[in-house]
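Asker: Here you go, one structure.
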Amino acid sequence: MSLNIKPLSDRVVIEPMAAETTTASGLIIPDTAKEKPQKGTVVAVGNGKKDHTMTVKVGDTVLYGKYSGTELKYEGADYLIMKEEEIYAILG
């Protein structure tokens, strides 16, 4: 995916994954009860800081906090922009 956003410093742009629509047992979750996703794909990475090199790279699937980052709507799609330190883990 080509995104015309270049985050500055130690920030990353993440495309959140869609919220779950059914439970493991097959029950449908209504829109009002859906949880905010905490998993997404990195689509852009900044250059880092002088004393900090970036760990994540474009294409990584990551876990982040429920209220992390700033929501951003760009070209009709929803993204989150956050500092790399707000990312908890990279999923392998």
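Order determines the names: the first chain of the structure tokens is A, the second B, and so forth; residues in each chain are numbered 1 upward, and ligands are numbered 1 upward as they are shown.
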Which residues are near Ile90 in chain A? Cut-off 9 Å, only C-alpha atoms, ignore same chain within fewer than 4 positions. Put them as JSON, numbers by chain.
Answerer: {"A": [56, 60, 61, 62, 63]}
Asker: Using C-alpha atoms, can you export the residues from the last selection as a compact mmCIF listing (two decimals), in the first residue's frame?
Answerer:
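The resulting file, again.txt, is shown below:
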```
# COMPACT_ATOMS: atom_id res chain seq x y z
CA VAL A 56 8.89 -1.44 13.56
CA ASP A 60 4.38 -5.25 10.58
CA THR A 61 1.23 -6.28 12.45
CA VAL A 62 1.31 -4.66 15.88
CA LEU A 63 -0.62 -4.50 19.17
```
Asker: Chain A: which residues are strand (DSSP E) by DSSP, as a ChimeraX atom specification?
Answerer: /A:11-16,39-45,61-64,70-74,77-83,87-91
Asker: Write out as a short mmCIF file (atom, residue, chain, number, x, y, z; two decimals) with N, CA, C and O atoms, in the first residue's frame which residues come within 12 Å of range 79-85 of chain A when counting only C-alpha atoms, dropping same-chain ones fewer than 3 positions away.
Answerer:
```cif
data_model
loop_
_atom_site.label_atom_id
_atom_site.label_comp_id
_atom_site.auth_asym_id
_atom_site.auth_seq_id
_atom_site.Cartn_x
_atom_site.Cartn_y
_atom_site.Cartn_z
N LEU A 3 1.16 5.09 0.74
CA LEU A 3 0.51 6.15 1.50
C LEU A 3 1.37 7.39 1.41
O LEU A 3 2.57 7.34 1.65
N ILE A 5 1.84 9.82 3.31
CA ILE A 5 2.08 10.43 4.61
C ILE A 5 3.44 9.95 5.09
O ILE A 5 3.71 8.75 5.09
N LYS A 6 4.30 10.87 5.49
CA LYS A 6 5.60 10.51 6.04
C LYS A 6 5.64 11.04 7.48
O LYS A 6 5.78 12.24 7.70
N PRO A 7 5.45 10.16 8.47
CA PRO A 7 5.48 10.63 9.86
C PRO A 7 6.87 11.14 10.25
O PRO A 7 7.87 10.67 9.72
N LEU A 8 6.89 12.09 11.14
CA LEU A 8 8.14 12.68 11.60
C LEU A 8 8.67 11.96 12.82
O LEU A 8 7.92 11.33 13.57
N SER A 9 9.97 12.04 13.01
CA SER A 9 10.63 11.55 14.22
C SER A 9 10.32 10.09 14.50
O SER A 9 10.51 9.24 13.65
N ASP A 10 9.82 9.78 15.71
CA ASP A 10 9.58 8.40 16.13
C ASP A 10 8.11 8.01 16.03
O ASP A 10 7.63 7.16 16.76
N ARG A 11 7.40 8.61 15.09
CA ARG A 11 5.98 8.31 14.94
C ARG A 11 5.74 7.29 13.82
O ARG A 11 6.52 7.18 12.89
N VAL A 12 4.62 6.56 13.95
CA VAL A 12 4.23 5.58 12.94
C VAL A 12 2.75 5.79 12.60
O VAL A 12 1.99 6.29 13.42
N VAL A 13 2.38 5.41 11.39
CA VAL A 13 0.98 5.44 10.97
C VAL A 13 0.52 3.99 10.88
O VAL A 13 1.18 3.16 10.27
N ILE A 14 -0.61 3.70 11.52
CA ILE A 14 -1.14 2.34 11.60
C ILE A 14 -2.55 2.31 11.02
O ILE A 14 -3.37 3.20 11.29
N GLU A 15 -2.82 1.29 10.22
CA GLU A 15 -4.17 1.05 9.73
C GLU A 15 -4.80 0.01 10.65
O GLU A 15 -4.38 -1.15 10.66
N PRO A 16 -5.79 0.42 11.47
CA PRO A 16 -6.40 -0.54 12.41
C PRO A 16 -7.14 -1.64 11.67
O PRO A 16 -7.71 -1.41 10.61
N MET A 17 -7.11 -2.84 12.24
CA MET A 17 -7.87 -3.95 11.68
C MET A 17 -9.33 -3.77 12.06
O MET A 17 -9.65 -3.12 13.05
N ALA A 18 -10.22 -4.35 11.29
CA ALA A 18 -11.66 -4.22 11.54
C ALA A 18 -12.03 -4.86 12.87
O ALA A 18 -11.45 -5.86 13.28
N PRO A 37 -10.59 -1.66 18.01
CA PRO A 37 -9.51 -2.61 17.72
C PRO A 37 -8.18 -2.20 18.37
O PRO A 37 -7.91 -1.01 18.52
N GLN A 38 -7.38 -3.19 18.75
CA GLN A 38 -6.09 -2.92 19.35
C GLN A 38 -4.97 -3.56 18.54
O GLN A 38 -3.86 -3.72 19.02
N LYS A 39 -5.29 -3.91 17.30
CA LYS A 39 -4.33 -4.55 16.42
C LYS A 39 -4.42 -3.86 15.07
O LYS A 39 -5.49 -3.46 14.63
N GLY A 40 -3.26 -3.69 14.42
CA GLY A 40 -3.27 -3.04 13.12
C GLY A 40 -1.98 -3.30 12.35
O GLY A 40 -1.07 -3.96 12.85
N THR A 41 -1.92 -2.75 11.15
CA THR A 41 -0.77 -2.91 10.28
C THR A 41 -0.08 -1.57 10.11
O THR A 41 -0.73 -0.55 9.84
N VAL A 42 1.24 -1.57 10.25
CA VAL A 42 2.04 -0.36 10.08
C VAL A 42 2.10 -0.03 8.59
O VAL A 42 2.48 -0.87 7.78
N VAL A 43 1.72 1.21 8.23
CA VAL A 43 1.73 1.61 6.82
C VAL A 43 2.76 2.70 6.53
O VAL A 43 3.10 2.93 5.37
N ALA A 44 3.28 3.37 7.56
CA ALA A 44 4.34 4.37 7.37
C ALA A 44 5.12 4.52 8.67
O ALA A 44 4.55 4.42 9.76
N VAL A 45 6.43 4.75 8.55
CA VAL A 45 7.31 4.85 9.71
C VAL A 45 8.20 6.07 9.55
O VAL A 45 8.73 6.32 8.47
N GLY A 46 8.37 6.83 10.65
CA GLY A 46 9.28 7.97 10.64
C GLY A 46 10.73 7.52 10.67
O GLY A 46 11.04 6.32 10.74
N ASN A 47 11.65 8.49 10.64
CA ASN A 47 13.09 8.19 10.60
C ASN A 47 13.69 7.88 11.96
O ASN A 47 14.83 7.45 12.05
N GLY A 48 12.95 8.12 13.04
CA GLY A 48 13.49 7.92 14.38
C GLY A 48 14.13 9.19 14.89
O GLY A 48 14.15 10.22 14.23
N LYS A 49 14.69 9.11 16.08
CA LYS A 49 15.40 10.24 16.69
C LYS A 49 16.89 9.98 16.65
O LYS A 49 17.32 8.87 16.34
N HIS A 52 17.59 7.12 18.88
CA HIS A 52 16.61 6.03 18.85
C HIS A 52 16.36 5.60 17.41
O HIS A 52 15.89 6.39 16.59
N THR A 53 16.68 4.36 17.10
CA THR A 53 16.36 3.82 15.78
C THR A 53 15.02 3.10 15.86
O THR A 53 14.66 2.54 16.89
N MET A 54 14.30 3.12 14.79
CA MET A 54 12.95 2.54 14.76
C MET A 54 13.01 1.02 14.71
O MET A 54 13.80 0.44 13.97
N THR A 55 12.17 0.38 15.51
CA THR A 55 12.10 -1.08 15.58
C THR A 55 11.09 -1.63 14.59
O THR A 55 11.33 -2.65 13.96
N VAL A 56 9.94 -0.96 14.46
CA VAL A 56 8.89 -1.44 13.56
C VAL A 56 9.19 -1.01 12.14
O VAL A 56 9.92 -0.05 11.90
N LYS A 57 8.63 -1.76 11.19
CA LYS A 57 8.78 -1.40 9.78
C LYS A 57 7.44 -1.54 9.08
O LYS A 57 6.51 -2.15 9.62
N VAL A 62 0.94 -5.06 14.53
CA VAL A 62 1.31 -4.66 15.88
C VAL A 62 0.10 -4.61 16.81
O VAL A 62 -1.04 -4.51 16.36
N LEU A 63 0.38 -4.70 18.12
CA LEU A 63 -0.62 -4.50 19.17
C LEU A 63 -0.33 -3.17 19.84
O LEU A 63 0.82 -2.85 20.11
N TYR A 64 -1.39 -2.42 20.12
CA TYR A 64 -1.23 -1.11 20.77
C TYR A 64 -2.36 -0.92 21.77
O TYR A 64 -3.32 -1.69 21.79
N GLY A 65 -2.24 0.07 22.61
CA GLY A 65 -3.24 0.32 23.64
C GLY A 65 -4.57 0.76 23.07
O GLY A 65 -4.64 1.33 21.97
N LYS A 66 -5.63 0.50 23.80
CA LYS A 66 -6.99 0.80 23.35
C LYS A 66 -7.18 2.28 23.03
O LYS A 66 -7.88 2.64 22.10
N TYR A 67 -6.56 3.16 23.79
CA TYR A 67 -6.74 4.60 23.60
C TYR A 67 -5.45 5.26 23.11
O TYR A 67 -5.28 6.46 23.28
N SER A 68 -4.58 4.50 22.47
CA SER A 68 -3.31 5.04 21.97
C SER A 68 -3.51 5.80 20.67
O SER A 68 -4.40 5.50 19.88
N GLY A 69 -2.62 6.74 20.45
CA GLY A 69 -2.57 7.43 19.17
C GLY A 69 -3.68 8.43 18.92
O GLY A 69 -4.56 8.63 19.74
N THR A 70 -3.59 9.06 17.77
CA THR A 70 -4.56 10.04 17.32
C THR A 70 -5.22 9.52 16.06
O THR A 70 -4.54 9.10 15.13
N GLU A 71 -6.54 9.53 16.05
CA GLU A 71 -7.27 9.04 14.87
C GLU A 71 -7.12 10.04 13.74
O GLU A 71 -7.13 11.25 13.94
N LEU A 72 -6.99 9.50 12.53
CA LEU A 72 -6.75 10.31 11.35
C LEU A 72 -7.54 9.72 10.19
O LEU A 72 -7.50 8.51 9.98
N LYS A 73 -8.27 10.55 9.46
CA LYS A 73 -8.99 10.10 8.28
C LYS A 73 -8.26 10.72 7.09
O LYS A 73 -8.11 11.94 7.01
N TYR A 74 -7.78 9.87 6.17
CA TYR A 74 -7.01 10.35 5.03
C TYR A 74 -7.45 9.59 3.79
O TYR A 74 -7.42 8.35 3.79
N GLU A 75 -7.87 10.31 2.78
CA GLU A 75 -8.33 9.73 1.52
C GLU A 75 -9.39 8.65 1.74
O GLU A 75 -9.34 7.57 1.14
N GLY A 76 -10.32 8.91 2.66
CA GLY A 76 -11.43 8.01 2.90
C GLY A 76 -11.14 6.81 3.79
O GLY A 76 -12.02 6.00 4.05
N TYR A 88 2.85 -1.95 21.83
CA TYR A 88 3.21 -2.96 22.83
C TYR A 88 3.99 -4.12 22.28
O TYR A 88 4.88 -4.65 22.92
N ALA A 89 3.64 -4.59 21.07
CA ALA A 89 4.28 -5.80 20.53
C ALA A 89 4.13 -5.85 19.03
O ALA A 89 3.20 -5.29 18.46
N ILE A 90 5.06 -6.57 18.41
CA ILE A 90 4.97 -6.90 16.99
C ILE A 90 4.57 -8.36 16.91
O ILE A 90 5.19 -9.23 17.53
#
```
